[in-house]
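Undergrad: You'll find input.csv just under this line, and it carries CSV, C-alpha atoms.
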chain,number,residue,atom,x,y,z
A,822,MET,CA,-13.1,163.7,121.7
A,823,ASN,CA,-14.6,167.1,120.6
A,824,GLN,CA,-17.4,165.3,118.8
A,825,ILE,CA,-18.4,163.4,121.9
A,826,VAL,CA,-18.3,166.6,124.0
A,827,ASN,CA,-20.4,168.4,121.4
A,828,ILE,CA,-23.1,165.7,121.3
A,829,ALA,CA,-23.1,165.5,125.1
A,830,ARG,CA,-23.5,169.3,125.3
A,831,LYS,CA,-26.4,169.1,122.8
A,832,GLU,CA,-28.2,166.5,124.9
A,833,LEU,CA,-27.7,168.6,128.0
A,834,ASN,CA,-29.0,171.7,126.3
A,835,ASP,CA,-32.1,169.7,125.1
A,836,ALA,CA,-32.7,168.6,128.7
A,837,LEU,CA,-32.5,172.2,129.9
A,838,ARG,CA,-34.8,173.5,127.1
A,839,ASN,CA,-37.4,170.7,127.7
A,840,ARG,CA,-37.3,171.2,131.4
A,841,TRP,CA,-36.2,167.5,132.0
A,842,LEU,CA,-33.5,168.5,134.4
A,843,LEU,CA,-35.7,170.8,136.4
A,844,ALA,CA,-38.7,168.4,136.5
A,845,ILE,CA,-36.6,165.4,137.6
A,846,SER,CA,-34.8,167.4,140.3
A,847,LEU,CA,-38.0,168.7,141.7
A,848,LEU,CA,-39.6,165.3,141.6
A,849,PHE,CA,-36.7,163.7,143.5
A,850,ALA,CA,-36.5,166.5,146.0
A,851,VAL,CA,-40.2,166.5,146.9
A,852,LEU,CA,-40.4,162.7,147.2
A,853,ALA,CA,-37.1,162.4,149.1
A,854,VAL,CA,-38.0,165.1,151.7
A,855,GLY,CA,-41.5,163.6,152.0
A,856,ILE,CA,-40.2,160.1,152.6
A,857,ALA,CA,-37.6,161.4,155.1
A,858,TRP,CA,-40.4,163.0,157.3
A,859,PHE,CA,-43.5,161.0,156.5
A,860,GLY,CA,-42.1,157.6,155.5
A,861,ALA,CA,-43.2,156.1,158.8
A,862,ALA,CA,-46.7,157.7,158.9
A,863,ALA,CA,-48.3,154.3,158.4
A,864,SER,CA,-47.0,153.2,161.8
A,865,GLY,CA,-48.3,156.3,163.5
A,866,GLN,CA,-45.0,158.2,163.4
A,867,VAL,CA,-44.5,161.6,161.7
A,868,GLY,CA,-41.0,163.0,161.5
A,869,PHE,CA,-37.6,161.8,160.8
A,870,SER,CA,-37.1,158.2,162.1
A,871,SER,CA,-33.5,157.0,161.3
A,872,ILE,CA,-30.9,157.1,158.6
A,873,PRO,CA,-31.1,153.4,157.7
A,874,ALA,CA,-34.9,153.4,157.5
A,875,THR,CA,-34.8,156.6,155.4
A,876,VAL,CA,-32.2,155.3,152.9
A,877,ALA,CA,-34.0,152.0,152.6
A,878,SER,CA,-37.3,153.8,151.8
A,879,LEU,CA,-35.5,156.1,149.3
A,880,ALA,CA,-33.9,153.1,147.6
A,881,SER,CA,-37.3,151.4,147.3
A,882,LEU,CA,-38.7,154.5,145.7
A,883,ALA,CA,-35.7,155.0,143.4
A,884,THR,CA,-35.9,151.3,142.2
A,885,PHE,CA,-39.2,152.2,140.6
A,886,LEU,CA,-38.5,155.8,139.5
A,887,ILE,CA,-35.0,155.9,138.2
A,888,PRO,CA,-35.2,153.0,135.6
A,889,LEU,CA,-38.5,154.4,134.3
A,890,ILE,CA,-37.2,158.0,134.0
A,891,SER,CA,-34.0,156.7,132.3
A,892,LEU,CA,-36.0,154.7,129.8
A,893,LEU,CA,-38.3,157.6,129.1
A,894,MET,CA,-35.4,159.9,128.5
A,895,ALA,CA,-33.6,157.7,126.0
A,896,TYR,CA,-35.9,155.2,124.4
A,897,ASP,CA,-36.0,157.4,121.2
A,898,ALA,CA,-32.3,158.4,121.3
A,899,ILE,CA,-31.5,156.5,118.1
A,900,VAL,CA,-34.8,155.6,116.4
A,901,GLY,CA,-36.1,159.2,117.0
A,902,GLU,CA,-33.1,160.7,115.3
A,903,ASP,CA,-33.7,158.2,112.4
A,904,GLU,CA,-37.4,159.0,112.1
A,905,ASN,CA,-36.6,162.7,112.0
A,906,GLY,CA,-33.9,162.3,109.4
A,907,THR,CA,-31.2,163.9,111.7
A,908,LEU,CA,-29.3,160.6,112.2
A,909,LEU,CA,-28.5,160.3,108.5
A,910,LEU,CA,-27.4,164.0,108.5
A,911,LEU,CA,-25.3,163.4,111.6
A,912,LEU,CA,-23.5,160.5,110.0
A,913,THR,CA,-22.4,162.6,107.1
A,914,TYR,CA,-20.2,164.5,109.5
A,915,PRO,CA,-16.8,163.1,110.6
A,916,VAL,CA,-18.3,161.4,113.6
A,917,SER,CA,-18.5,157.7,114.3
A,918,ARG,CA,-21.5,155.8,115.6
A,919,GLY,CA,-19.5,155.0,118.8
A,920,GLN,CA,-19.0,158.7,119.3
A,921,ILE,CA,-22.7,159.4,118.8
A,922,LEU,CA,-23.7,156.8,121.3
A,923,LEU,CA,-21.0,157.8,123.9
A,924,GLY,CA,-21.9,161.5,123.5
A,925,LYS,CA,-25.6,160.8,124.2
A,926,PHE,CA,-24.7,158.5,127.1
A,927,LEU,CA,-22.5,161.2,128.7
A,928,GLY,CA,-25.0,164.0,128.1
A,929,GLN,CA,-28.1,162.2,129.4
A,930,GLY,CA,-26.1,160.6,132.1
A,931,LEU,CA,-25.0,164.0,133.3
A,932,VAL,CA,-28.6,165.1,133.4
A,933,LEU,CA,-29.5,162.1,135.6
A,934,ALA,CA,-26.5,162.7,137.8
A,935,VAL,CA,-27.2,166.4,138.4
A,936,ALA,CA,-30.9,165.7,139.0
A,937,THR,CA,-30.0,162.9,141.5
A,938,LEU,CA,-27.6,165.1,143.4
A,939,LEU,CA,-29.9,168.1,143.5
A,940,GLY,CA,-33.0,166.2,144.3
A,941,PHE,CA,-31.9,163.6,146.8
A,942,GLY,CA,-29.2,165.8,148.1
A,943,SER,CA,-31.9,168.2,149.3
A,944,ALA,CA,-33.2,165.5,151.6
A,945,GLY,CA,-29.8,165.1,153.2
A,946,LEU,CA,-29.4,168.9,153.6
A,947,ALA,CA,-32.9,169.1,155.2
A,948,ILE,CA,-32.1,166.3,157.6
A,949,GLY,CA,-28.7,167.8,158.5
A,950,LEU,CA,-30.3,171.2,159.2
A,951,LEU,CA,-33.5,170.3,160.9
A,952,VAL,CA,-32.8,167.1,162.8
A,953,ALA,CA,-31.0,167.4,166.1
A,954,ASP,CA,-28.2,165.1,167.1
A,955,VAL,CA,-28.1,163.4,163.7
A,956,ASP,CA,-24.8,161.5,162.9
A,957,MET,CA,-23.5,163.6,160.1
A,958,THR,CA,-20.7,161.1,159.3
A,959,LEU,CA,-23.2,158.3,158.8
A,960,LEU,CA,-25.7,160.5,157.0
A,961,THR,CA,-23.0,161.7,154.5
A,962,TRP,CA,-21.7,158.1,153.9
A,963,ALA,CA,-25.2,156.6,153.6
A,964,LEU,CA,-26.7,159.2,151.3
A,965,GLY,CA,-23.4,159.5,149.3
A,966,ARG,CA,-23.5,155.8,148.6
A,967,PHE,CA,-27.2,155.9,147.8
A,968,MET,CA,-26.8,158.8,145.3
A,969,LEU,CA,-23.8,157.2,143.6
A,970,SER,CA,-25.6,153.9,143.2
A,971,SER,CA,-28.7,155.7,142.0
A,972,ILE,CA,-26.7,157.4,139.3
A,973,LEU,CA,-25.2,154.0,138.2
A,974,LEU,CA,-28.7,152.5,138.1
A,975,GLY,CA,-29.8,155.3,135.8
A,976,LEU,CA,-26.8,154.6,133.6
A,977,VAL,CA,-27.7,150.9,133.4
A,978,PHE,CA,-31.1,151.7,132.0
A,979,LEU,CA,-29.8,154.4,129.7
A,980,GLY,CA,-27.8,151.7,128.1
A,981,PHE,CA,-30.8,149.4,127.8
A,982,ALA,CA,-32.8,152.3,126.2
A,983,TYR,CA,-30.1,152.8,123.6
A,984,LEU,CA,-30.0,149.1,122.9
A,985,LEU,CA,-33.8,149.0,122.3
A,986,SER,CA,-33.7,152.3,120.3
A,987,SER,CA,-30.9,150.9,118.0
A,988,GLN,CA,-32.8,147.7,117.4
A,989,VAL,CA,-36.3,149.0,116.3
A,990,ALA,CA,-37.5,151.1,113.4
A,991,GLU,CA,-40.4,152.9,115.2
A,992,LYS,CA,-40.5,155.0,118.3
A,993,SER,CA,-43.8,153.5,119.4
A,994,ARG,CA,-42.3,150.0,119.4
A,995,ALA,CA,-39.2,151.3,121.3
A,996,ALA,CA,-41.6,152.8,123.9
A,997,GLY,CA,-43.5,149.5,124.3
A,998,LEU,CA,-40.3,147.5,124.7
A,999,ALA,CA,-38.9,150.0,127.2
A,1000,LEU,CA,-42.1,149.6,129.3
A,1001,GLY,CA,-41.8,145.8,129.0
A,1002,LEU,CA,-38.2,145.9,130.1
A,1003,TRP,CA,-39.1,148.1,133.1
A,1004,PHE,CA,-41.7,145.5,134.2
A,1005,LEU,CA,-39.3,142.7,133.7
A,1006,PHE,CA,-36.5,144.0,136.0
A,1007,VAL,CA,-38.6,146.0,138.5
A,1008,LEU,CA,-41.5,143.6,139.0
A,1009,VAL,CA,-41.5,140.3,137.1
A,1010,PHE,CA,-38.0,139.1,138.0
A,1011,ASP,CA,-38.5,139.2,141.8
A,1012,LEU,CA,-42.0,137.7,141.4
A,1013,ALA,CA,-40.5,134.8,139.4
A,1014,LEU,CA,-37.9,134.1,142.0
A,1015,LEU,CA,-40.6,134.1,144.7
A,1016,GLY,CA,-42.6,131.7,142.5
A,1017,VAL,CA,-39.7,129.4,142.2
A,1018,LEU,CA,-39.2,129.4,145.9
A,1019,VAL,CA,-42.8,128.7,146.6
A,1020,VAL,CA,-43.2,126.0,144.0
A,1021,SER,CA,-40.1,124.2,145.1
A,1022,GLU,CA,-41.5,123.9,148.6
A,1023,GLY,CA,-38.2,124.6,150.2
A,1024,LYS,CA,-36.2,122.2,148.0
A,1025,PHE,CA,-34.5,125.0,146.1
A,1026,ASN,CA,-31.0,125.7,147.5
A,1027,PRO,CA,-31.5,128.8,149.7
A,1028,GLU,CA,-27.8,129.7,149.5
A,1029,LEU,CA,-28.1,130.0,145.7
A,1030,LEU,CA,-31.1,132.4,145.7
A,1031,PRO,CA,-29.2,135.5,146.9
A,1032,TRP,CA,-26.7,135.1,144.1
A,1033,LEU,CA,-29.5,135.0,141.6
A,1034,LEU,CA,-30.4,138.5,142.6
A,1035,LEU,CA,-27.2,139.6,140.9
A,1036,PHE,CA,-28.8,138.9,137.5
A,1037,ASN,CA,-31.1,141.9,138.1
A,1038,PRO,CA,-29.5,145.4,138.3
A,1039,THR,CA,-32.4,146.7,140.5
A,1040,ASP,CA,-31.8,144.0,143.0
A,1041,VAL,CA,-28.0,144.7,143.0
A,1042,TYR,CA,-28.9,148.3,143.7
A,1043,ARG,CA,-31.1,147.5,146.6
A,1044,LEU,CA,-28.6,145.1,148.1
A,1045,ILE,CA,-26.0,147.8,148.0
A,1046,ASN,CA,-28.2,150.2,149.9
A,1047,LEU,CA,-29.4,147.7,152.4
A,1048,SER,CA,-25.9,146.6,153.3
A,1049,GLY,CA,-23.6,148.3,155.7
A,1050,PHE,CA,-26.1,148.9,158.5
A,1051,GLU,CA,-29.1,147.3,160.0
A,1052,ALA,CA,-31.7,148.2,157.4
A,1053,SER,CA,-32.8,144.7,156.8
A,1054,GLY,CA,-36.0,145.3,158.8
A,1055,SER,CA,-37.1,147.6,155.9
A,1056,ALA,CA,-36.6,144.9,153.3
A,1057,THR,CA,-39.7,143.2,151.9
A,1058,GLY,CA,-40.4,140.3,149.5
A,1059,ILE,CA,-37.5,138.7,147.8
A,1060,MET,CA,-35.1,141.3,149.3
A,1061,THR,CA,-35.5,139.7,152.8
A,1062,LEU,CA,-33.2,137.0,151.4
A,1063,GLY,CA,-30.5,139.6,150.6
A,1064,GLY,CA,-29.2,139.4,154.1
A,1065,ASP,CA,-28.0,135.9,153.3
A,1066,PHE,CA,-25.8,137.2,150.5
A,1067,ALA,CA,-22.3,135.8,151.2
A,1068,GLY,CA,-20.3,138.1,148.9
A,1069,SER,CA,-18.6,141.4,149.9
A,1070,GLY,CA,-19.7,144.9,149.1
A,1071,TRP,CA,-16.9,145.0,146.5
A,1072,ILE,CA,-18.6,142.2,144.6
A,1073,LEU,CA,-21.8,144.1,144.5
A,1074,TRP,CA,-20.1,147.2,143.1
A,1075,GLY,CA,-18.2,145.1,140.6
A,1076,VAL,CA,-21.4,143.5,139.3
A,1077,PHE,CA,-23.0,146.9,139.2
A,1078,ALA,CA,-20.1,148.2,137.0
A,1079,VAL,CA,-20.6,145.2,134.7
A,1080,TRP,CA,-24.3,146.1,134.4
A,1081,VAL,CA,-23.4,149.7,133.5
A,1082,ALA,CA,-21.0,148.6,130.7
A,1083,LEU,CA,-22.9,145.6,129.3
A,1084,PRO,CA,-26.0,147.2,127.9
A,1085,LEU,CA,-24.0,150.1,126.4
A,1086,LEU,CA,-21.6,147.7,124.7
A,1087,LEU,CA,-24.5,145.7,123.3
A,1088,ALA,CA,-26.2,148.9,122.1
A,1089,TYR,CA,-22.9,149.8,120.3
A,1090,VAL,CA,-22.8,146.4,118.5
A,1091,VAL,CA,-26.4,146.7,117.4
A,1092,PHE,CA,-26.1,150.4,116.4
A,1093,ARG,CA,-23.1,149.6,114.2
A,1094,ARG,CA,-25.2,147.1,112.3
A,1095,ARG,CA,-28.2,149.4,111.9
A,1096,ILE,CA,-29.0,150.4,108.4
A,1097,VAL,CA,-29.9,154.1,108.1
Represent the structure of the file as structure tokens.

TA:
Amino acid sequence: MNQIVNIARKELNDALRNRWLLAISLLFAVLAVGIAWFGAAASGQVGFSSIPATVASLASLATFLIPLISLLMAYDAIVGEDENGTLLLLLTYPVSRGQILLGKFLGQGLVLAVATLLGFGSAGLAIGLLVADVDMTLLTWALGRFMLSSILLGLVFLGFAYLLSSQVAEKSRAAGLALGLWFLFVLVFDLALLGVLVVSEGKFNPELLPWLLLFNPTDVYRLINLSGFEASGSATGIMTLGGDFAGSGWILWGVFAVWVALPLLLAYVVFRRRIV
């Protein structure tokens, strides 16, 4: 356990020294406050509109940002250590590969969690202080759920980054694969489902399509943040079909938990077989 904590502490110190934590927190804070007040500017409105619309807009933004930031943070977690020669040195100590992987996961996951709470939490604080007659119970519940799901989304893509980093021999290849993975889950997957829907000319079972969204962690994330209140009006593209999802919120959270564990487990299997 001490080895895991030491590795996690080292990752946290690296993030503080490289200004990762500060940069991510400021980015989230500026974008979150900007969306809360100027998200409806295209329709001629300036100022806070509503909690559901704000959370839906923040979730749409986070769907693009959080996976990309997570992959950028961790794509070289294993292959970078190998190229620098520190991985071989680290393995000479009484520490297992599983402990190395888990320590990195906890340390970088903590960086993402703190940045998410500080950055997006600032939007909630600003709304609570500056908006009159806001429902604080709904605001706390909606933003709390949003930040928790955002942290979990970051953990999913940290696991994917470790999987890619454990598989390849060069950092440049890991970076390219990470970018491809981001395109797959954030852009290509939903476009493919829309393509299937169009090509089938309505013959595709419409009740099945919402369940197919569960095969994409970013879609599960958006479904979680669009459920619970009438935010469906802010949904676009394939997510307009998310309102037809027949499962409960607990199913979504359960699937999300599987998405967090699966890439990390696969990364461990690949890392164990890696020759250093």

Undergrad: Using all atoms listed in the file, pick whichever of A:Leu938, A:Leu889, A:Ala877, A:Leu973 has the shortest atom-to-atom distance to Leu847 in chain A.

TA: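 Going through A:Leu938, A:Leu889, A:Ala877, A:Leu973 one by one, the smallest distance to Leu847 in chain A is for A:Leu938.
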
Undergrad: Do a neighbour search on range 895-905 of chain A at 8 Å with all atoms listed in the file, toss out local chain neighbours closer than 3 positions, and write the hits as a ChimeraX atom specification.

TA: /A:891-892,908-909,925,929,979,982-983,985-987,989-992,995-996,999,1097

Undergrad: Restricted to C-alpha atoms, what would the selected residues look like written as a JSON list (two decimals), in the coordinates of the input?

TA:
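Once everything was written out, this is out28.json:
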[["chain", "number", "residue", "atom", "x", "y", "z"],
["A", 891, "SER", "CA", -34.00, 156.70, 132.30],
["A", 892, "LEU", "CA", -36.00, 154.70, 129.80],
["A", 908, "LEU", "CA", -29.30, 160.60, 112.20],
["A", 909, "LEU", "CA", -28.50, 160.30, 108.50],
["A", 925, "LYS", "CA", -25.60, 160.80, 124.20],
["A", 929, "GLN", "CA", -28.10, 162.20, 129.40],
["A", 979, "LEU", "CA", -29.80, 154.40, 129.70],
["A", 982, "ALA", "CA", -32.80, 152.30, 126.20],
["A", 983, "TYR", "CA", -30.10, 152.80, 123.60],
["A", 985, "LEU", "CA", -33.80, 149.00, 122.30],
["A", 986, "SER", "CA", -33.70, 152.30, 120.30],
["A", 987, "SER", "CA", -30.90, 150.90, 118.00],
["A", 989, "VAL", "CA", -36.30, 149.00, 116.30],
["A", 990, "ALA", "CA", -37.50, 151.10, 113.40],
["A", 991, "GLU", "CA", -40.40, 152.90, 115.20],
["A", 992, "LYS", "CA", -40.50, 155.00, 118.30],
["A", 995, "ALA", "CA", -39.20, 151.30, 121.30],
["A", 996, "ALA", "CA", -41.60, 152.80, 123.90],
["A", 999, "ALA", "CA", -38.90, 150.00, 127.20],
["A", 1097, "VAL", "CA", -29.90, 154.10, 108.10]]

Undergrad: CA of Gly906 in chain A and CA of Gln920 in chain A are how many Å apart?

TA: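 Between CA of Gly906 in chain A and CA of Gln920 in chain A the gap is 18.2 Å.
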
Undergrad: From the list A:Leu1085, A:Ala934, A:Ala947, A:Ile972, which residue is nearest Ala883 in chain A when using only C-alpha atoms?

TA: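 Closest residue, counting only C-alpha atoms: A:Ile972.
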
Undergrad: Measuring atom to atom with all atoms listed in the file, identify which of A:Gly1001, A:Gly942, A:Gly919, A:Gly855 is nearest to Leu969 in chain A.

TA: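 Nearest candidate to Leu969 in chain A out of A:Gly1001, A:Gly942, A:Gly919, A:Gly855: A:Gly942.
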
Undergrad: Looking at A:Pro1031, A:Tyr1042, A:Ile825, A:Leu959, which one is nearest to Arg918 in chain A, with distances taken over only C-alpha atoms?

TA: A:Ile825

Undergrad: Could you work out an axis-aligned bounding box for all listed atoms of range 931-940 of chain A, with 5 Å added on each of the six sides, and give its centre and edge lengths in Å to one decimal, as AutoDock Vina command-line options?

TA:
--center_x -29.0 --center_y 165.1 --center_z 138.8 --size_x 18.0 --size_y 16.0 --size_z 21.0

Undergrad: Quick one: residues within 9 Å of range 826-840 of chain A, all atoms listed in the file, excluding same-chain residues fewer than 2 positions away - as a list in words?

TA: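 In the requested format, the answer is Met822, Asn823, Gln824, Leu842, Leu843, Ala844, Ile845, Gln920, Ile921, Leu922, Leu923, Gly924, Lys925, Phe926, Leu927, Gly928, Gln929, Leu931 and Val932 of chain A.
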
Undergrad: Of the candidates A:Leu976, A:Leu1008, A:Leu1033, A:Leu912, which one gets nearest to Ile1096 in chain A if we count all atoms listed in the file?

TA: A:Leu912

Undergrad: Between A:Thr1039, A:Asn1046, A:Ser881, A:Ser871, which has the minimum distance to Val955 in chain A (counting all atoms listed in the file)?

TA: A:Ser871

Undergrad: If you measure from CA of Ala1078 in chain A to CA of Val1009 in chain A, what distance in Å do you get, rounded to one decimal?

TA: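 CA of Ala1078 in chain A sits 22.8 Å away from CA of Val1009 in chain A.
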
Undergrad: For CA of Pro1084 in chain A and CA of Leu1030 in chain A, determine how far apart the two atoms are, in Å to one decimal place.

TA: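 CA of Leu1030 in chain A lies at a distance of 23.7 Å from CA of Pro1084 in chain A.
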
Undergrad: With all atoms listed in the file counted, which protein, DNA or RNA residues have an atom no more than 12 Å from (-21.8, 157.8, 150.9) in the file frame? Please answer as a list in words.

TA: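 Checked against the point, the hits come out as Ile872, Val876, Leu938, Gly942, Gly945, Met957, Thr958, Leu959, Leu960, Thr961, Trp962, Ala963, Leu964, Gly965, Arg966, Phe967, Met968, Leu969, Ser970, Ser971, Ile1045, Asn1046 and Gly1049 of chain A.
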